[in-house]
file model-v5.cif (mmCIF, C-alpha atoms and all ligand atoms)
data_structure
loop_
_atom_site.label_atom_id
_atom_site.label_comp_id
_atom_site.auth_asym_id
_atom_site.auth_seq_id
_atom_site.Cartn_x
_atom_site.Cartn_y
_atom_site.Cartn_z
CA MET A 13 24.66 -32.26 11.02
CA ILE A 14 23.58 -30.86 7.68
CA SER A 15 22.26 -27.33 7.17
CA VAL A 16 18.59 -26.40 6.84
CA ASP A 17 19.11 -25.65 3.13
CA GLU A 18 20.79 -28.99 2.53
CA ALA A 19 18.00 -30.81 4.41
CA LEU A 20 15.37 -29.05 2.35
CA SER A 21 17.11 -29.85 -0.90
CA ARG A 22 17.36 -33.54 0.07
CA LEU A 23 13.68 -33.51 0.98
CA PHE A 24 12.76 -31.99 -2.36
CA SER A 25 14.70 -34.72 -4.12
CA LEU A 26 12.43 -37.25 -2.38
CA CYS A 27 9.25 -35.46 -3.54
CA THR A 28 7.93 -35.94 -7.04
CA PRO A 29 4.79 -34.19 -8.30
CA LEU A 30 1.75 -36.42 -7.89
CA PRO A 31 -0.48 -37.49 -10.78
CA SER A 32 -3.40 -35.32 -11.83
CA GLU A 33 -7.15 -35.87 -11.71
CA ILE A 34 -10.20 -34.16 -13.16
CA ILE A 35 -12.61 -32.71 -10.60
CA PRO A 36 -15.73 -30.52 -10.65
CA LEU A 37 -14.97 -26.81 -10.43
CA ARG A 38 -17.16 -26.64 -7.31
CA ASN A 39 -14.58 -28.75 -5.42
CA ALA A 40 -11.49 -27.03 -6.75
CA ALA A 41 -10.86 -24.33 -4.12
CA GLY A 42 -7.26 -24.51 -2.96
CA ARG A 43 -6.35 -27.25 -5.41
CA VAL A 44 -3.36 -26.89 -7.74
CA LEU A 45 -4.06 -26.63 -11.43
CA ALA A 46 -2.14 -29.30 -13.37
CA ALA A 47 -3.25 -28.36 -16.90
CA PRO A 48 -4.13 -24.96 -18.34
CA VAL A 49 -7.72 -23.79 -18.38
CA VAL A 50 -8.79 -22.48 -21.80
CA ALA A 51 -11.68 -20.03 -22.17
CA GLY A 52 -14.49 -21.41 -24.28
CA LEU A 53 -15.96 -17.97 -25.10
CA ASP A 54 -15.41 -14.22 -24.99
CA GLN A 55 -16.34 -12.32 -21.85
CA PRO A 56 -18.48 -10.38 -22.16
CA PRO A 57 -19.69 -12.30 -25.22
CA PHE A 58 -21.29 -9.11 -26.59
CA ALA A 59 -20.82 -5.38 -25.99
CA ALA A 60 -22.78 -4.86 -22.79
CA SER A 61 -24.13 -1.85 -20.95
CA ALA A 62 -22.33 -1.03 -17.70
CA MET A 63 -25.19 1.16 -16.48
CA ASP A 64 -28.95 1.59 -16.42
CA GLY A 65 -29.85 4.25 -18.97
CA TYR A 66 -30.40 4.69 -22.68
CA ALA A 67 -28.41 3.28 -25.59
CA ILE A 68 -27.84 5.98 -28.17
CA ARG A 69 -25.43 7.08 -30.87
CA GLU A 70 -22.37 9.00 -29.73
CA THR A 71 -23.23 11.71 -32.25
CA ASP A 72 -26.49 12.26 -30.31
CA HIS A 73 -24.67 12.56 -27.00
CA ARG A 74 -25.05 16.33 -26.88
CA ALA A 75 -26.51 18.48 -24.12
CA GLU A 76 -30.25 18.97 -24.33
CA THR A 77 -30.73 16.65 -27.32
CA ARG A 78 -34.21 15.10 -27.56
CA LEU A 79 -34.41 11.45 -28.63
CA ARG A 80 -37.27 9.03 -29.26
CA VAL A 81 -37.31 5.81 -27.21
CA ILE A 82 -37.97 2.94 -29.60
CA GLY A 83 -37.63 -0.13 -27.35
CA GLU A 84 -35.93 -1.84 -24.42
CA ALA A 85 -32.85 -4.03 -23.84
CA ALA A 86 -32.52 -5.94 -20.55
CA ALA A 87 -29.92 -8.42 -19.31
CA GLY A 88 -30.90 -11.70 -20.91
CA SER A 89 -33.13 -10.15 -23.61
CA GLY A 90 -31.60 -7.67 -25.99
CA TYR A 91 -33.32 -5.29 -28.40
CA PRO A 92 -33.49 -6.92 -31.82
CA GLY A 93 -33.55 -3.78 -33.95
CA GLU A 94 -31.12 -0.98 -34.71
CA VAL A 95 -30.70 2.43 -33.07
CA ARG A 96 -30.61 5.27 -35.61
CA ALA A 97 -29.80 8.95 -35.23
CA GLY A 98 -32.43 10.65 -33.06
CA GLU A 99 -33.35 7.36 -31.36
CA ALA A 100 -32.70 5.72 -28.01
CA VAL A 101 -33.30 2.27 -26.49
CA ARG A 102 -34.04 1.95 -22.78
CA ILE A 103 -31.19 -0.27 -21.51
CA PHE A 104 -30.27 -1.97 -18.23
CA THR A 105 -26.91 -3.03 -16.79
CA GLY A 106 -25.64 -6.19 -18.45
CA ALA A 107 -27.91 -5.95 -21.51
CA PRO A 108 -26.40 -6.26 -25.00
CA VAL A 109 -25.94 -2.85 -26.60
CA PRO A 110 -28.22 -2.79 -29.66
CA LYS A 111 -26.91 -2.44 -33.17
CA GLY A 112 -26.21 1.15 -34.18
CA ALA A 113 -25.73 2.37 -30.59
CA ASP A 114 -22.24 3.15 -29.31
CA TRP A 115 -23.05 5.08 -26.14
CA VAL A 116 -25.10 4.62 -22.98
CA VAL A 117 -26.31 7.76 -21.30
CA LEU A 118 -27.13 7.35 -17.59
CA GLN A 119 -30.80 7.56 -16.70
CA GLU A 120 -29.81 10.18 -14.09
CA ASP A 121 -28.63 12.42 -16.97
CA VAL A 122 -31.91 12.46 -18.90
CA THR A 123 -35.50 13.48 -18.33
CA ARG A 124 -38.09 11.18 -19.77
CA LYS A 125 -41.52 12.20 -20.94
CA ASP A 126 -43.70 9.58 -22.60
CA SER A 127 -41.58 8.01 -25.32
CA PHE A 128 -38.98 10.79 -25.45
CA ILE A 129 -35.87 11.58 -23.44
CA THR A 130 -34.04 14.89 -23.23
CA LEU A 131 -30.37 14.82 -22.29
CA GLY A 132 -29.31 17.14 -19.47
CA ASP A 133 -26.99 20.08 -19.85
CA ARG A 134 -24.08 18.42 -18.02
CA LEU A 135 -23.18 15.03 -19.41
CA GLU A 136 -20.75 12.46 -18.06
CA HIS A 137 -17.76 11.31 -20.06
CA GLY A 138 -17.40 7.69 -21.01
CA SER A 139 -19.53 5.40 -23.15
CA ASN A 140 -20.57 3.07 -20.28
CA ILE A 141 -20.13 0.14 -22.66
CA ARG A 142 -18.09 -2.95 -21.84
CA GLY A 143 -16.56 -4.07 -25.10
CA ALA A 144 -17.01 -7.69 -26.20
CA GLY A 145 -14.08 -9.76 -24.92
CA GLN A 146 -12.71 -6.94 -22.79
CA ASP A 147 -12.25 -9.31 -19.80
CA PHE A 148 -10.99 -12.32 -21.76
CA LYS A 149 -11.29 -13.85 -25.20
CA SER A 150 -12.04 -17.38 -26.33
CA GLY A 151 -8.77 -19.31 -26.21
CA ASP A 152 -7.24 -17.20 -23.40
CA ARG A 153 -5.57 -19.43 -20.82
CA ILE A 154 -4.92 -19.74 -17.12
CA GLU A 155 -1.57 -21.45 -16.91
CA ALA A 156 -0.64 -24.34 -14.61
CA PRO A 157 0.64 -24.79 -12.00
CA ARG A 158 -1.42 -22.40 -9.92
CA ARG A 159 -3.15 -22.82 -6.58
CA LEU A 160 -6.78 -21.97 -7.22
CA ALA A 161 -8.03 -19.03 -5.18
CA PRO A 162 -11.72 -18.08 -4.97
CA ALA A 163 -11.33 -15.45 -7.71
CA ASP A 164 -9.78 -18.09 -10.00
CA LEU A 165 -12.87 -20.25 -9.58
CA ALA A 166 -15.10 -17.36 -10.67
CA LEU A 167 -12.84 -16.72 -13.66
CA ILE A 168 -12.85 -20.39 -14.67
CA ALA A 169 -16.63 -20.54 -14.30
CA ALA A 170 -16.95 -17.42 -16.50
CA MET A 171 -14.77 -19.21 -19.06
CA ASN A 172 -17.52 -21.86 -19.16
CA VAL A 173 -15.21 -24.58 -17.89
CA PRO A 174 -17.06 -26.85 -15.41
CA GLU A 175 -14.20 -29.23 -14.55
CA VAL A 176 -10.50 -28.73 -13.94
CA THR A 177 -7.40 -30.90 -14.03
CA VAL A 178 -5.60 -30.65 -10.71
CA THR A 179 -2.79 -32.49 -8.98
CA ARG A 180 -4.03 -35.21 -6.69
CA ARG A 181 -4.06 -34.20 -3.03
CA PRO A 182 -1.03 -35.58 -1.18
CA VAL A 183 -2.12 -38.10 1.43
CA VAL A 184 -0.38 -37.38 4.72
CA ALA A 185 -0.35 -39.94 7.54
CA LEU A 186 0.35 -38.33 10.90
CA ILE A 187 1.68 -40.57 13.64
CA ALA A 188 2.19 -39.24 17.15
CA THR A 189 4.48 -41.50 19.17
CA GLY A 190 4.95 -41.86 22.91
CA ASN A 191 3.71 -43.77 25.95
CA GLU A 192 2.99 -40.45 27.63
CA LEU A 193 0.35 -39.35 25.14
CA VAL A 194 -3.43 -39.52 25.25
CA MET A 195 -5.90 -37.82 22.94
CA PRO A 196 -7.67 -34.60 23.94
CA GLY A 197 -10.76 -35.46 25.99
CA GLU A 198 -9.22 -38.58 27.52
CA GLU A 199 -8.21 -38.74 31.16
CA PRO A 200 -4.39 -38.55 31.29
CA GLY A 201 -2.68 -40.89 33.75
CA PRO A 202 -0.33 -39.39 36.37
CA ASP A 203 2.67 -39.43 33.99
CA GLN A 204 0.81 -38.56 30.85
CA ILE A 205 0.14 -35.46 28.74
CA ILE A 206 -2.21 -34.66 25.88
CA ALA A 207 -1.10 -35.23 22.28
CA SER A 208 -1.25 -31.77 20.77
CA ASN A 209 1.19 -31.39 17.89
CA SER A 210 -0.77 -33.50 15.46
CA PHE A 211 -3.64 -31.02 15.55
CA ALA A 212 -1.45 -28.15 14.39
CA LEU A 213 0.31 -30.28 11.81
CA ALA A 214 -2.96 -31.69 10.46
CA ALA A 215 -4.40 -28.20 10.09
CA MET A 216 -1.24 -26.96 8.38
CA ALA A 217 -1.14 -29.87 5.95
CA GLU A 218 -4.83 -29.50 5.13
CA SER A 219 -4.45 -25.79 4.52
CA ALA A 220 -1.66 -26.69 2.08
CA GLY A 221 -4.01 -28.99 0.15
CA ALA A 222 -3.26 -32.37 1.73
CA GLU A 223 -5.65 -35.11 2.79
CA VAL A 224 -4.65 -35.95 6.34
CA ARG A 225 -5.08 -39.23 8.18
CA MET A 226 -4.42 -38.93 11.88
CA LEU A 227 -3.43 -42.45 12.88
CA PRO A 228 -3.71 -43.87 16.40
CA ILE A 229 -0.92 -42.85 18.79
CA ALA A 230 1.97 -45.31 18.51
CA ARG A 231 3.40 -46.51 21.79
CA ASP A 232 7.14 -46.67 22.47
CA THR A 233 7.53 -50.28 21.42
CA GLU A 234 8.87 -51.58 18.15
CA ALA A 235 5.68 -53.60 17.68
CA SER A 236 3.32 -50.66 18.18
CA LEU A 237 5.36 -48.32 16.01
CA GLY A 238 5.76 -50.97 13.30
CA PHE A 239 2.04 -51.71 13.33
CA THR A 240 1.11 -48.02 13.02
CA LEU A 241 3.67 -47.35 10.31
CA ASP A 242 2.19 -50.28 8.39
CA LEU A 243 -1.19 -48.54 8.47
CA ALA A 244 0.48 -45.58 6.77
CA ARG A 245 2.01 -47.52 3.87
CA ASP A 246 -0.20 -45.99 1.18
CA ALA A 247 0.41 -42.38 2.25
CA ASP A 248 2.49 -40.09 0.07
CA LEU A 249 4.04 -38.56 3.16
CA ILE A 250 4.34 -40.22 6.56
CA VAL A 251 4.97 -37.69 9.30
CA THR A 252 6.01 -39.12 12.65
CA ILE A 253 6.10 -36.92 15.73
CA GLY A 254 8.53 -37.64 18.54
CA GLY A 255 10.79 -40.57 19.26
CA ALA A 256 13.43 -39.01 17.04
CA SER A 257 16.13 -38.21 19.55
CA VAL A 258 18.73 -40.38 21.27
CA GLY A 259 16.77 -41.64 24.30
CA ASP A 260 16.21 -45.35 24.93
CA HIS A 261 12.57 -44.96 23.93
CA ASP A 262 13.24 -42.99 20.73
CA LEU A 263 12.52 -45.76 18.27
CA VAL A 264 11.42 -44.10 15.04
CA GLY A 265 14.82 -44.35 13.33
CA LYS A 266 15.38 -47.96 14.40
CA VAL A 267 11.91 -49.21 13.45
CA THR A 268 11.71 -47.42 10.11
CA GLU A 269 15.13 -48.69 9.13
CA GLY A 270 14.07 -52.18 10.14
CA MET A 271 11.17 -51.75 7.71
CA GLY A 272 13.59 -50.86 4.93
CA MET A 273 13.68 -47.07 5.06
CA GLU A 274 16.44 -45.57 2.94
CA ARG A 275 17.59 -42.77 5.17
CA SER A 276 18.28 -39.44 3.53
CA PHE A 277 19.51 -37.65 6.65
CA TYR A 278 19.25 -37.54 10.43
CA LYS A 279 19.94 -34.42 12.50
CA ILE A 280 20.19 -30.93 11.16
CA ALA A 281 21.80 -27.71 12.31
CA MET A 282 18.53 -26.15 13.35
CA ARG A 283 16.94 -24.99 16.58
CA PRO A 284 14.35 -26.13 17.30
CA GLY A 285 14.34 -29.26 15.17
CA LYS A 286 17.75 -30.86 15.55
CA PRO A 287 16.69 -34.53 15.51
CA LEU A 288 14.79 -34.26 12.22
CA MET A 289 15.04 -37.37 10.04
CA ALA A 290 13.89 -38.24 6.56
CA GLY A 291 14.01 -40.97 4.00
CA ARG A 292 12.03 -43.15 1.66
CA LEU A 293 9.90 -45.92 3.10
CA GLY A 294 8.38 -48.05 0.35
CA THR A 295 6.47 -45.67 -1.91
CA SER A 296 6.16 -43.04 0.84
CA VAL A 297 8.40 -40.23 1.94
CA LEU A 298 9.02 -40.31 5.68
CA LEU A 299 9.53 -37.11 7.64
CA GLY A 300 10.40 -37.79 11.27
CA LEU A 301 9.69 -34.68 13.32
CA PRO A 302 10.99 -34.06 16.83
CA GLY A 303 8.37 -34.43 19.53
CA ASN A 304 8.64 -31.08 21.26
CA PRO A 305 5.48 -29.26 20.20
CA VAL A 306 7.19 -26.12 18.93
CA SER A 307 9.95 -28.11 17.20
CA SER A 308 7.45 -30.17 15.28
CA VAL A 309 5.38 -27.18 14.18
CA VAL A 310 8.42 -25.11 13.20
CA CYS A 311 9.73 -28.07 11.17
CA GLY A 312 6.26 -28.33 9.69
CA HIS A 313 6.58 -24.78 8.36
CA ILE A 314 10.17 -25.07 7.17
CA PHE A 315 9.98 -28.59 5.68
CA MET A 316 6.55 -30.21 5.54
CA LEU A 317 4.71 -27.36 3.83
CA PRO A 318 7.34 -26.82 1.10
CA MET A 319 7.33 -30.62 0.52
CA LEU A 320 3.56 -30.64 0.13
CA ARG A 321 3.75 -27.77 -2.33
CA ALA A 322 6.42 -29.61 -4.33
CA MET A 323 4.27 -32.77 -4.38
CA GLN A 324 1.44 -30.71 -5.82
CA GLY A 325 3.63 -29.47 -8.65
CA LEU A 326 4.27 -25.97 -7.29
CA GLY A 327 8.03 -26.35 -7.50
CA ALA A 328 10.79 -26.72 -4.94
CA GLU A 329 10.50 -23.43 -3.07
CA PRO A 330 11.42 -22.84 0.56
CA ALA A 331 9.07 -21.02 2.93
CA VAL A 332 8.70 -17.36 1.99
CA THR A 333 10.97 -15.05 3.98
CA ARG A 334 10.57 -11.31 4.51
CA SER A 335 12.80 -8.54 5.77
CA GLY A 336 12.28 -6.63 8.99
CA ASN A 337 14.16 -4.96 11.82
CA LEU A 338 14.75 -6.05 15.36
CA ALA A 339 12.60 -4.35 18.00
CA ALA A 340 14.97 -5.62 20.73
CA PRO A 341 18.58 -6.80 20.78
CA VAL A 342 19.38 -10.52 20.42
CA GLU A 343 22.37 -12.51 21.64
CA ALA A 344 24.92 -14.16 19.38
CA ASN A 345 23.67 -17.39 17.83
CA GLY A 346 25.38 -20.77 18.10
CA PRO A 347 26.07 -23.53 15.57
CA ARG A 348 22.42 -24.18 14.69
CA ALA A 349 20.16 -21.82 12.71
CA HIS A 350 17.67 -20.53 15.24
CA TYR A 351 14.05 -19.95 14.27
CA MET A 352 12.91 -17.71 17.10
CA ARG A 353 9.25 -17.22 17.84
CA ALA A 354 8.46 -13.54 17.39
CA LYS A 355 5.67 -11.08 16.96
CA THR A 356 5.61 -8.41 14.28
CA GLU A 357 4.72 -4.77 14.70
CA HIS A 358 4.16 -2.45 11.75
CA ARG A 359 5.60 1.01 12.41
CA ASP A 360 6.32 3.83 9.93
CA GLY A 361 6.20 1.45 6.99
CA ALA A 362 8.71 -0.98 8.53
CA VAL A 363 8.15 -4.38 10.15
CA LEU A 364 9.63 -4.62 13.62
CA LEU A 365 10.23 -8.03 15.16
CA HIS A 366 9.77 -8.66 18.86
CA PRO A 367 11.33 -12.02 19.72
CA PHE A 368 9.71 -13.67 22.74
CA ASP A 369 11.87 -13.89 25.86
CA ARG A 370 10.97 -17.54 26.36
CA GLN A 371 12.08 -19.73 23.47
CA ASP A 372 11.74 -23.21 25.04
CA SER A 373 10.49 -25.59 22.36
CA ALA A 374 7.75 -26.91 24.63
CA LEU A 375 5.86 -23.60 24.93
CA LEU A 376 2.65 -23.76 22.92
CA THR A 377 1.35 -20.55 24.52
CA VAL A 378 4.28 -18.64 23.04
CA LEU A 379 3.88 -20.34 19.67
CA ALA A 380 0.20 -19.46 19.60
CA GLU A 381 1.07 -15.78 20.21
CA ALA A 382 3.81 -15.73 17.58
CA ASN A 383 3.15 -14.70 14.00
CA ALA A 384 6.73 -14.89 12.76
CA LEU A 385 9.86 -17.00 12.94
CA LEU A 386 12.87 -14.73 13.25
CA ILE A 387 15.75 -16.44 11.45
CA ARG A 388 19.13 -16.34 13.17
CA PRO A 389 21.75 -17.78 10.82
CA VAL A 390 24.40 -20.21 12.06
CA GLY A 391 27.07 -18.31 14.04
CA ASP A 392 25.29 -14.97 13.68
CA ALA A 393 26.79 -12.24 15.91
CA ALA A 394 24.80 -10.43 18.60
CA ARG A 395 22.47 -7.92 16.97
CA ALA A 396 21.28 -4.57 18.27
CA THR A 397 17.80 -3.08 18.12
CA GLY A 398 17.10 -1.93 14.56
CA ALA A 399 19.34 -4.53 12.89
CA ALA A 400 18.02 -5.88 9.59
CA VAL A 401 16.77 -9.46 9.89
CA GLU A 402 14.86 -12.05 7.89
CA TYR A 403 11.73 -13.75 9.13
CA ILE A 404 9.12 -16.25 8.03
CA PRO A 405 5.52 -15.08 8.51
CA LEU A 406 3.37 -17.72 10.22
N1 LIG B 501 20.58 -36.30 25.29
C1 LIG B 501 19.88 -35.63 24.40
N2 LIG B 501 18.59 -35.40 24.63
C2 LIG B 501 17.88 -34.70 23.75
C3 LIG B 501 18.48 -34.19 22.60
C4 LIG B 501 19.84 -34.46 22.36
O1 LIG B 501 20.43 -34.04 21.36
N3 LIG B 501 20.48 -35.19 23.29
N4 LIG B 501 17.74 -33.42 21.75
C5 LIG B 501 16.67 -32.70 22.33
C6 LIG B 501 15.91 -32.05 21.31
S1 LIG B 501 16.67 -30.74 20.59
C7 LIG B 501 14.66 -32.39 20.99
S2 LIG B 501 13.80 -31.48 19.82
C8 LIG B 501 13.98 -33.51 21.62
C9 LIG B 501 13.24 -34.33 20.57
O2 LIG B 501 13.06 -35.57 21.03
P1 LIG B 501 12.12 -36.63 20.35
O3 LIG B 501 11.85 -36.29 18.95
O4 LIG B 501 12.68 -37.93 20.66
O5 LIG B 501 10.76 -36.37 21.10
P2 LIG B 501 10.17 -37.09 22.38
O6 LIG B 501 11.27 -37.37 23.30
O7 LIG B 501 9.30 -38.16 21.97
O8 LIG B 501 9.33 -35.90 22.93
C10 LIG B 501 9.87 -34.67 23.30
C11 LIG B 501 8.86 -33.91 24.14
O9 LIG B 501 7.71 -33.62 23.37
C12 LIG B 501 6.56 -34.24 23.92
N5 LIG B 501 5.73 -34.74 22.82
C13 LIG B 501 6.06 -35.71 21.98
N6 LIG B 501 5.08 -35.91 21.10
C14 LIG B 501 4.08 -35.08 21.43
C15 LIG B 501 2.80 -34.82 20.90
N7 LIG B 501 2.33 -35.48 19.84
N8 LIG B 501 2.06 -33.85 21.47
C16 LIG B 501 2.53 -33.17 22.55
N9 LIG B 501 3.75 -33.35 23.07
C17 LIG B 501 4.51 -34.30 22.54
C18 LIG B 501 7.07 -35.32 24.78
O10 LIG B 501 6.17 -35.66 25.79
C19 LIG B 501 8.35 -34.72 25.30
O11 LIG B 501 8.09 -33.88 26.38
O12 LIG B 501 14.87 -34.31 22.33
C20 LIG B 501 15.76 -33.58 23.20
N10 LIG B 501 16.54 -34.49 23.97
O1 LIG B 502 15.79 -29.28 18.25
MO1 LIG B 502 15.03 -29.24 19.77
O2 LIG B 502 13.66 -28.88 18.85
O3 LIG B 502 15.93 -27.69 19.92
O4 LIG B 502 14.17 -28.59 21.12
#

call {"tool": "encode", "arguments": {"input": "model-v5.cif", "output": "structure tokens", "more": "lines below"}}
Ligand SMILES: Nc1nc2c(c(=O)[nH]1)N[C@H]1C(S)=C(S)[C@@H](COP(=O)(O)OP(=O)(O)OC[C@H]3O[C@@H](n4cnc5c(N)ncnc54)[C@H](O)[C@@H]3O)O[C@H]1N2
Ligand code: MOO
result
Amino acid sequence: MISVDEALSRLFSLCTPLPSEIIPLRNAAGRVLAAPVVAGLDQPPFAASAMDGYAIRETDHRAETRLRVIGEAAAGSGYPGEVRAGEAVRIFTGAPVPKGADWVVLQEDVTRKDSFITLGDRLEHGSNIRGAGQDFKSGDRIEAPRRLAPADLALIAAMNVPEVTVTRRPVVALIATGNELVMPGEEPGPDQIIASNSFALAAMAESAGAEVRMLPIARDTEASLGFTLDLARDADLIVTIGGASVGDHDLVGKVTEGMGMERSFYKIAMRPGKPLMAGRLGTSVLLGLPGNPVSSVVCGHIFMLPMLRAMQGLGAEPAVTRSGNLAAPVEANGPRAHYMRAKTEHRDGAVLLHPFDRQDSALLTVLAEANALLIRPVGDAARATGAAVEYIPL
């Protein structure tokens, strides 16, 4: 059995960044930038007022000065003339500051009578002017790769860039396997259960930017599995669920190899997740997850999500880990790295981890309560309350 790190590094070597495509900015949320975005203008393009008030000269910004109002500047329609000493232009937030003016006095700080204003006796500091290009300048860049967050979309829009070059979404084909499975909403037979894992895995893959195809459940026959795998041929990543272990009905390894899969590995020193398998099948990468619901989802976090990020050009990075402290003692760990379902508690600036008592890899109720995977390294000794540990936030 290879280690989790070795498995991940073999998986990364199967994943190459996908080609890029140009898409409208409106559709770019969550996509990964594949080419830099270059600003087409300065922002703001002109010195702009940050407040509603009066544009004046700084030398007139003196308590109780009286100034003549000579015109108005609003957002979208500036004042065409110049502000001279002793003059003011009524100005609104976002309007270009007229020539000659280098200060905006707040309307709250003046009294207006007819076409004159008188500044108060207590004046605020600060010019209330946003300098041209103070946010960004023409030619400034947003570098790739970068997953586009909502604020990035606003920034790109402000740069006057209506389309972006992004990495194509990885196409993920999800195949649940097993005679015992029926889809939610169907009537299970006496020996059957509901297929559940695919729903978590589909949601996870989609949140990582993938396009997911949930294929029909494959039955435990070579013909059914072969037929369903054929439907997945054009996917970038084929994820099978179940049928990975050593039972007579665990056919994924046999069938995929019969179809020409070059196996990269089978079985890893991980709990849950031991019977993980991977390889290349035609132009796809195949990730064979164990069927136990928790095993498949944990492997989804540790392997599938980093693979999807690598395919989108975000580099070969494992799941993010954080440091915390045990809120309860844990027993010594065995020969497989254990990813224990746990819940975090924030206390006095530290993160405390409460591992769940029940760690059976079939317990979806526990998984749904967990927000962390507490990592127990291979052969780790028993640890007392307070011991420093690493965890993966879920
Ligand atoms: N003799 C051995 N038996 C087992 C071993 C072993 O080393 N020797 N490993 C165990 C471990 S660890 C795991 S993990 C499981 C994984 O087995 P499979 O990948 O072959 O999974 P299945 O047998 O198909 O299913 C396991 C379990 O999960 C249920 N399942 C499967 N798919 C789904 C689904 N899509 N949604 C919900 N539940 C699903 C299935 O009904 C089984 O109960 O093998 C151990 N056995
Ligand atoms: O590897 Mo299995 O997932 O321990 O239950």

call {"tool": "residues_near_ligand", "arguments": {"input": "model-v5.cif", "ligand": "ligand LIG 501 (chain B)", "cutoff": "8 Å", "atoms": "only C-alpha atoms and all ligand atoms", "output": "VMD selection string"}}
result
chain A and resid 188 to 190 192 to 193 204 to 210 253 to 259 261 to 262 283 to 288 300 to 305 307 to 308 373 to 374

call {"tool": "atom_distance", "arguments": {"input": "model-v5.cif", "atom1": "CA of Asp203 (chain A)", "atom2": "atom O3 of ligand LIG 502 (chain B)"}}
result
22.6 Å

call {"tool": "closest_residue", "arguments": {"input": "model-v5.cif", "among": "A:Thr28, A:Thr252, A:Ser89, A:Thr397", "to": "Pro110 (chain A)", "atoms": "all atoms listed in the file"}}
result
A:Ser89

call {"tool": "atom_distance", "arguments": {"input": "model-v5.cif", "atom1": "CA of Ala75 (chain A)", "atom2": "CA of Leu118 (chain A)"}}
result
12.9 Å

call {"tool": "closest_residue", "arguments": {"input": "model-v5.cif", "among": "A:Ala41, A:Met13, A:Ala185, A:Leu165", "to": "ligand LIG 502 (chain B)", "atoms": "all atoms listed in the file"}}
result
A:Met13

call {"tool": "axis_aligned_box", "arguments": {"input": "model-v5.cif", "around": "ligand LIG 502 (chain B)", "padding_each_side": "4 Å", "output": "lines of an AutoDock Vina configuration file"}}
result
center_x = 14.8
center_y = -28.5
center_z = 19.7
size_x = 10.3
size_y = 9.6
size_z = 10.9

call {"tool": "atom_distance", "arguments": {"input": "model-v5.cif", "atom1": "CA of Val224 (chain A)", "atom2": "CA of Val184 (chain A)"}}
result
4.8 Å

call {"tool": "decode", "arguments": {"input": "model-v5.cif", "residues": "region 308-326 of chain A", "atoms": "C-alpha atoms", "output": "compact mmCIF listing (two decimals), in the first residue's frame"}}
result
# COMPACT_ATOMS: atom_id res chain seq x y z
CA SER A 308 -15.87 8.12 -0.90
CA VAL A 309 -16.48 11.65 0.36
CA VAL A 310 -13.25 11.76 2.37
CA CYS A 311 -11.34 10.55 -0.71
CA GLY A 312 -13.21 13.21 -2.66
CA HIS A 313 -11.73 15.88 -0.41
CA ILE A 314 -8.22 14.45 -0.25
CA PHE A 315 -7.88 13.42 -3.92
CA MET A 316 -10.69 14.44 -6.26
CA LEU A 317 -10.76 18.14 -5.36
CA PRO A 318 -6.98 18.65 -5.62
CA MET A 319 -7.08 16.81 -8.98
CA LEU A 320 -9.81 19.10 -10.26
CA ARG A 321 -7.83 22.14 -9.17
CA ALA A 322 -4.73 20.81 -10.95
CA MET A 323 -6.77 20.19 -14.12
CA GLN A 324 -7.89 23.81 -14.00
CA GLY A 325 -4.30 25.02 -13.86
CA LEU A 326 -4.21 25.88 -10.15
